[in-house]
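Have a look at the structure below before the remarks.
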Amino acid sequence: MTKLILTSLAFLFTGMSFTFAQTQTDAQTGIAEVNAIAPESEPNILGKEVDWIYGDYLLKNEVISLTIAAPLPTRDANFTIRKIGGSILDLTLNEPSNDQLSAYTPTSGRYLFQDPTLVKFGRDGDTVFWQCRSSKTVAKDDTTAIVEYRLKDGEAFVESTITINGDSANDIQPFDGIRADGWFEFKQSGNVAYCEDSFFRQTIGFQIPRTAKPPSWKKGRPSRLQYTAEHVARTDSQLRWKVRIYPATSPIDLEAIVNSSADSPTMHKFIVSPEAYPNETTDAVCRAKIELRSNSDQGKNEEPFTLQTDDKGIAYARLTPDAYVATVSAIGYEGTKVSFSAGQENNTVKLSLKNASGFSAEIRDGEGNLIPAKATIYATEGENPNYGLRSARTFVENLVYSVHGRLYCPLDPGKYEVYFSRGPEYNSVRKDFEVVAGEIQPFDVKLDRVVDTTGWISADLHSHSSPSGDNTSEQYGRVENLLCENIEFAPCTEHNRIDSYTPHLKQMNLEHLLATCTGIELTGSPTPVNHQNSFPLIWRPNTQNGGGPRFSYNPLTQIERLAMWDNQSEKLVQMNHPNLHQIYGDLDTDGVADKGFRGMLKWADVIEVHPLETIFQDIPNNPPSARRMRIPMFQWLQLINQGYRIPGIINTDSHYNHHGSGWRRNWFASSTDDPKKISTDEMVQQVKSGHIIMSTGPFLSVTGQSNSSPETAIPGDSLVANDGLVTLNITVQCPNWLDVNRVQVFINGQPSKEHNYTRRESPELFGKIDAVQKFNSSFELSIDSDAHLIVATIGEGMTMEKVMGRRYGKRPPIAVSNPIYVDFDGNGFQHNSDELGLPLPNAETAK
């Protein structure tokens with residue numbers, strides 16, 4: 001038997017040091033175990049929702065594994081799941097290991113478990129247990145709660161027992177909280193309530209051992225698992241309920257284990273194989289559905305159980321002994337049926353997909369090299385193909401990512417158009433074709449890199465995936481998206497967690513194509529002002545927040561804490577999607593000027609200012625209400641005029657993988673055009689210097705020259721012009737799927753009537769529709785005082801829809817430069833304090 005001897009248990013999260021329970025074992029195979037998680041005893045749990053850190057607890061037997069959050073006031077699972085001590089964070093079968101649960105929270109947070117000295121754990125006969133008493137209740141009554149988890153040797157469920165003591169115990173409504181996010185559906189069947197994510201292949205069942213009636217669901221965030229009188233035991237001063245929690249692969253798997261007798265049902269492995277399949281270097285998946293019917297279901301008017309395979313065509317389910325028929329189907333294939341008997345020695349079921357139809361492609365650049373690219377597929381009649389959820393990887397709705405340049409796309413017979421692309425430095429290639437049953441059409445696709453961005457690299461400094469906690473997208477898919485859009489620099493910026501894209505790049509063997517670093521989006525309240533990105537930061541894997549700072553409800557405290565993190569190391573601090581009106585002087589957005597959060601501005605190195613198209617709108621004559629005063633582009637121009645020389649930037653803030661990254665980007669000045677040579681430190685300095693072009697696709701080049709300076713200025717630079725004459729050199733380049741028809745110069749934030757050029761009014765200045773160079777001209781500007789100059793270009797009435805998808809592609813092609821600061825009198829640039837016709841909230845002025 002396993003013996004657990006608790007010697008000490010201390011948590012010092014600030015200094016990231018731990019003293020753990022020491023475990024002595026003479027373990028036998030299959031014996032349940034419980035221990036505090038340490039570097040030498042890390043769980044072997046897979047799945048995109050894994051959240052354990054050192055100091056949490058692991059309960060495990062030969063069937064299932066689960067982790068319990070350490071009872072600390074600072075223990076958060078992620079941005080949206082906070083104060084989570086005592087909750088189950090990870091729960092999965094051991095084979096297959098696939099955690100998709102965000103959290104099971106006893107009492108749904110009514111009681112907080114935040115004192116590690118109140119923990120007890122160990123072995124009780126053939127069962128291991130973990131127990132903790134609450135340290136406070138949000139209801140502020142006289143009650144306390146005890147949560148206990150028990151895992152028996154060989155059992156397929158963990159039992160949670162909640163005991164509430166106190167004179168007010170009988171007044172309490174019994175329920176637990178479940179965070180099963182994204183695509184989970186909440187259902188009941190027989191005596192079990194369950195939540196099911198069919199695509200990501202996890203079902204979690206909840207059964208009350210004392211009754212045949214299942215608990216009910218109340219949808220929310222978290223969803224509540226609600227109990228009635230027959231589910232609980234009450235006395236004058238105590239309320240108690242028990243629930244068995246089953247991890248499963250699917251409803252049929254759950255049904256088999258819940259209804260099993262003494263002998264556990266056999267786990268079956270289903271392997272789906274196409275008859276013809278590409279080699280391992282091709283980006284392809286075998287994502288299929290398997291319908292299962294048993295002989296005992298024959299003649300019943302019931303829907304068959306469905307299993308979703310993983311990307312390799314594999315699915316698992318425990319089955320009650322019976323004869324079954326399995327029918328497999330997938331896009332672009334003829335399905336097949338197989339009959340088999342469950343419970344026999346052979347527990348592997350093989351199914352085949354026949355007569356593949358669709359297309360394959362090799363995608364190369366102009367020099368013949370295979371390159372990452374995406375294929376966006378549209379049906380010319382009927383619905384577009386849907387390979388998987390927008391949070392999936394590789395095959396995402398009607399979009400396919402191919403990071404290695406080879407792809408294999410099954411399609412049902414019909415007529416299609418496919419757009420192959422790799423971001424706005426490359427031409428797109430369109431293929432119109434008809435898919436014939438049983439035929440795979442091969443395409444050789446050449447994407448020419450036609451836009452010359454020498455000296456500049458493309459970047460996105462703000463994106464997310466499942467570790468952020470407010471979405472369920474696979475992080476691997478985020479990296480695919482970035483690569484296939486030719487983003488060359490992208491820090492990892494999950495909410496409230498330092499993390500890294502490097503493991504995925506290593507897995508792909510493509511570290512040379514995307515420069516990256518560890519970073520964070522520190523996310524507090526109030527929103528939207530209290531969100532800031534920062535990089536580079538030191539990543540401490542498997543620790544709270546990845547070693548990052550804790551959020552604050554005070555934006556001033558939070559941004560300063562972030563700026564000072566890692567011993568005041570050199571880093572970039574980016575203000576995300578801000579309400580600059582609120583920050584400047586209206587903290588409660590009531591329209592009355594106050595102190596705001598203006599102190600934040602001294603810590604901000606760069607500010608997000610999208611959407612770019614608002615630079616062309618007449619904001620002063622159509623202002624939003626004070627509570628909706630989120631017009632960051634206009635407000636950024638106002639701030640520059642008040643003397644805040646903070647560069648502007650745009651990012652996607654992408655949360656899902658269907659065209660999520662790439663439709664907004666920046667070009668940063670760079671000493672190298674090779675991603676593998678990009679220096680994070682240089683990128684930080686280039687951004688702080690404002691050497692930035694912001695764009696949804698067009699590549700805009702702006703330089704300034706004067707008679708007073710031998711140097712050529714780029715956006716972000718200062719330029720002395722003692723005679724008041726400045727020559728602006730403006731070039732706009734686009735690939736064959738983008739165009740612009742207007743170029744506008746802004747002087748001190750005001751559009752210049754003289755320097756507003758359109759294709760209609762000045763066709764001689766614009767290139768041909770099919771030319772890469774859309775605009776290439778130089779203009780002399782005359783100024784009589786210091787001025788900052790911004791250039792913007794737009795394709796008015798145009799979209800990027802087919803290449804960038806219908807959600808993001810409806811926006812116009814547009815690019816905006818950062819300012820060139822022109823010093824007229826040689827005593828340094830002086831701001832003009834112009835509020836551009838819409839007064840900023842200023843408490844001193846109001847007084």
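FYI, nothing fancy with the structure tokens labels: chains A, B, ... in order, residues from 1 per chain, ligands from 1 as they appear.
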
| Running DSSP on the backbone, which parts of region 310-531 of chain A land in strand (DSSP E), as a count of residues only? | 81

Output as a tab-separated table one row per residue of region 458-572 of chain A within 8 Å of region 360-374 of chain A: the closest atom pair and its distance in Å to one decimal place, counting only C-alpha atoms, sorted by chain and residue number ascending.
residue	atom	partner	partner_atom	distance
A:Leu483	CA	A:Pro372	CA	6.3
A:Cys484	CA	A:Ala373	CA	4.4
A:Glu485	CA	A:Ala373	CA	7.0
A:Asn486	CA	A:Pro372	CA	7.8

| task | Assign secondary structure with DSSP using the backbone only, and return the residues of region 140-322 of chain A in helix (DSSP H, G or I) as number ranges by chain. | result | A: 169-171, 229-231, 251-258, 295-297

| message | Quick one: residues within 9 Å of Leu151 (chain A), only C-alpha atoms, excluding same-chain residues fewer than 5 positions away - as an MDAnalysis selection string? | response | chainID A and resid 32:34 59:61 126:129 156:159

Would you output that residue set with all heavy atoms, as an mmCIF file, in the first residue's frame?
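Contents of the output file result20.cif:
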data_model
loop_
_atom_site.group_PDB
_atom_site.id
_atom_site.type_symbol
_atom_site.label_atom_id
_atom_site.label_comp_id
_atom_site.auth_asym_id
_atom_site.auth_seq_id
_atom_site.Cartn_x
_atom_site.Cartn_y
_atom_site.Cartn_z
ATOM 1 N N ALA A 32 -4.378 4.187 -6.111
ATOM 2 C CA ALA A 32 -4.610 5.628 -6.184
ATOM 3 C C ALA A 32 -3.565 6.366 -5.369
ATOM 4 O O ALA A 32 -3.046 5.855 -4.373
ATOM 5 C CB ALA A 32 -6.008 5.952 -5.669
ATOM 6 N N GLU A 33 -3.260 7.586 -5.783
ATOM 7 C CA GLU A 33 -2.271 8.394 -5.085
ATOM 8 C C GLU A 33 -2.741 9.840 -5.009
ATOM 9 O O GLU A 33 -3.558 10.296 -5.815
ATOM 10 C CB GLU A 33 -0.919 8.323 -5.799
ATOM 11 C CG GLU A 33 -0.954 8.800 -7.242
ATOM 12 C CD GLU A 33 0.377 8.605 -7.955
ATOM 13 O OE1 GLU A 33 0.648 7.482 -8.396
ATOM 14 O OE2 GLU A 33 1.127 9.604 -8.071
ATOM 15 N N VAL A 34 -2.241 10.563 -4.011
ATOM 16 C CA VAL A 34 -2.508 11.976 -3.863
ATOM 17 C C VAL A 34 -1.226 12.640 -3.405
ATOM 18 O O VAL A 34 -0.530 12.128 -2.530
ATOM 19 C CB VAL A 34 -3.647 12.238 -2.851
ATOM 20 C CG1 VAL A 34 -3.371 11.618 -1.497
ATOM 21 C CG2 VAL A 34 -3.894 13.752 -2.686
ATOM 22 N N LEU A 59 -4.627 14.027 -7.755
ATOM 23 C CA LEU A 59 -5.238 12.755 -7.394
ATOM 24 C C LEU A 59 -5.263 11.900 -8.650
ATOM 25 O O LEU A 59 -5.696 12.371 -9.716
ATOM 26 C CB LEU A 59 -6.667 12.930 -6.863
ATOM 27 C CG LEU A 59 -6.835 13.251 -5.374
ATOM 28 C CD1 LEU A 59 -6.339 14.661 -5.080
ATOM 29 C CD2 LEU A 59 -8.291 13.101 -4.958
ATOM 30 N N LYS A 60 -4.822 10.653 -8.508
ATOM 31 C CA LYS A 60 -4.687 9.823 -9.695
ATOM 32 C C LYS A 60 -4.808 8.358 -9.316
ATOM 33 O O LYS A 60 -4.313 7.934 -8.268
ATOM 34 C CB LYS A 60 -3.315 10.083 -10.349
ATOM 35 C CG LYS A 60 -3.022 9.238 -11.569
ATOM 36 C CD LYS A 60 -1.623 9.541 -12.117
ATOM 37 C CE LYS A 60 -1.330 8.681 -13.339
ATOM 38 N NZ LYS A 60 0.029 8.964 -13.882
ATOM 39 N N ASN A 61 -5.510 7.600 -10.167
ATOM 40 C CA ASN A 61 -5.444 6.137 -10.110
ATOM 41 C C ASN A 61 -5.182 5.630 -11.524
ATOM 42 O O ASN A 61 -4.778 6.419 -12.390
ATOM 43 C CB ASN A 61 -6.703 5.548 -9.478
ATOM 44 C CG ASN A 61 -7.976 5.833 -10.281
ATOM 45 O OD1 ASN A 61 -7.918 6.239 -11.437
ATOM 46 N ND2 ASN A 61 -9.128 5.627 -9.658
ATOM 47 N N ASP A 126 -8.741 1.828 0.820
ATOM 48 C CA ASP A 126 -8.464 1.725 -0.618
ATOM 49 C C ASP A 126 -8.750 3.036 -1.351
ATOM 50 O O ASP A 126 -8.884 3.061 -2.572
ATOM 51 C CB ASP A 126 -9.289 0.595 -1.238
ATOM 52 C CG ASP A 126 -10.791 0.819 -1.090
ATOM 53 O OD1 ASP A 126 -11.179 1.811 -0.442
ATOM 54 O OD2 ASP A 126 -11.569 -0.001 -1.613
ATOM 55 N N THR A 127 -8.824 4.145 -0.620
ATOM 56 C CA THR A 127 -9.215 5.441 -1.187
ATOM 57 C C THR A 127 -8.236 6.522 -0.738
ATOM 58 O O THR A 127 -7.800 6.524 0.411
ATOM 59 C CB THR A 127 -10.635 5.818 -0.732
ATOM 60 O OG1 THR A 127 -11.544 4.800 -1.153
ATOM 61 C CG2 THR A 127 -11.065 7.155 -1.304
ATOM 62 N N VAL A 128 -7.913 7.435 -1.662
ATOM 63 C CA VAL A 128 -7.168 8.629 -1.270
ATOM 64 C C VAL A 128 -8.143 9.791 -1.193
ATOM 65 O O VAL A 128 -9.187 9.809 -1.866
ATOM 66 C CB VAL A 128 -6.017 8.953 -2.246
ATOM 67 C CG1 VAL A 128 -4.958 7.870 -2.214
ATOM 68 C CG2 VAL A 128 -6.520 9.172 -3.670
ATOM 69 N N PHE A 129 -7.820 10.758 -0.335
ATOM 70 C CA PHE A 129 -8.732 11.877 -0.154
ATOM 71 C C PHE A 129 -7.943 13.179 -0.061
ATOM 72 O O PHE A 129 -6.759 13.202 0.276
ATOM 73 C CB PHE A 129 -9.583 11.684 1.111
ATOM 74 C CG PHE A 129 -8.790 11.787 2.391
ATOM 75 C CD1 PHE A 129 -8.624 13.005 3.049
ATOM 76 C CD2 PHE A 129 -8.176 10.662 2.937
ATOM 77 C CE1 PHE A 129 -7.883 13.100 4.209
ATOM 78 C CE2 PHE A 129 -7.426 10.754 4.105
ATOM 79 C CZ PHE A 129 -7.284 11.972 4.745
ATOM 80 N N ALA A 156 -13.673 4.910 -11.690
ATOM 81 C CA ALA A 156 -13.701 5.775 -12.873
ATOM 82 C C ALA A 156 -14.273 7.148 -12.575
ATOM 83 O O ALA A 156 -14.530 7.917 -13.497
ATOM 84 C CB ALA A 156 -14.504 5.110 -13.982
ATOM 85 N N PHE A 157 -14.505 7.454 -11.313
ATOM 86 C CA PHE A 157 -15.039 8.758 -10.944
ATOM 87 C C PHE A 157 -14.360 9.245 -9.681
ATOM 88 O O PHE A 157 -13.792 8.468 -8.904
ATOM 89 C CB PHE A 157 -16.557 8.699 -10.728
ATOM 90 C CG PHE A 157 -16.986 7.782 -9.614
ATOM 91 C CD1 PHE A 157 -17.008 8.206 -8.289
ATOM 92 C CD2 PHE A 157 -17.355 6.469 -9.890
ATOM 93 C CE1 PHE A 157 -17.398 7.352 -7.269
ATOM 94 C CE2 PHE A 157 -17.749 5.605 -8.870
ATOM 95 C CZ PHE A 157 -17.762 6.045 -7.555
ATOM 96 N N VAL A 158 -14.416 10.547 -9.470
ATOM 97 C CA VAL A 158 -14.009 11.144 -8.202
ATOM 98 C C VAL A 158 -15.283 11.596 -7.499
ATOM 99 O O VAL A 158 -16.204 12.119 -8.140
ATOM 100 C CB VAL A 158 -13.027 12.314 -8.406
ATOM 101 C CG1 VAL A 158 -13.639 13.416 -9.252
ATOM 102 C CG2 VAL A 158 -12.567 12.877 -7.067
ATOM 103 N N GLU A 159 -15.347 11.384 -6.211
ATOM 104 C CA GLU A 159 -16.532 11.782 -5.457
ATOM 105 C C GLU A 159 -16.245 13.059 -4.686
ATOM 106 O O GLU A 159 -15.279 13.146 -3.932
ATOM 107 C CB GLU A 159 -16.955 10.679 -4.492
ATOM 108 C CG GLU A 159 -18.276 10.979 -3.771
ATOM 109 C CD GLU A 159 -18.751 9.807 -2.952
ATOM 110 O OE1 GLU A 159 -18.218 9.623 -1.834
ATOM 111 O OE2 GLU A 159 -19.642 9.073 -3.421
#

| Can you list, as a ChimeraX atom specification, every protein, DNA or RNA residue that comes within 12 Å of Pro763 (chain A) when you count only C-alpha atoms, leaving out same-chain residues fewer than 3 positions away? | /A:740-743,757-760,766-769,774-776
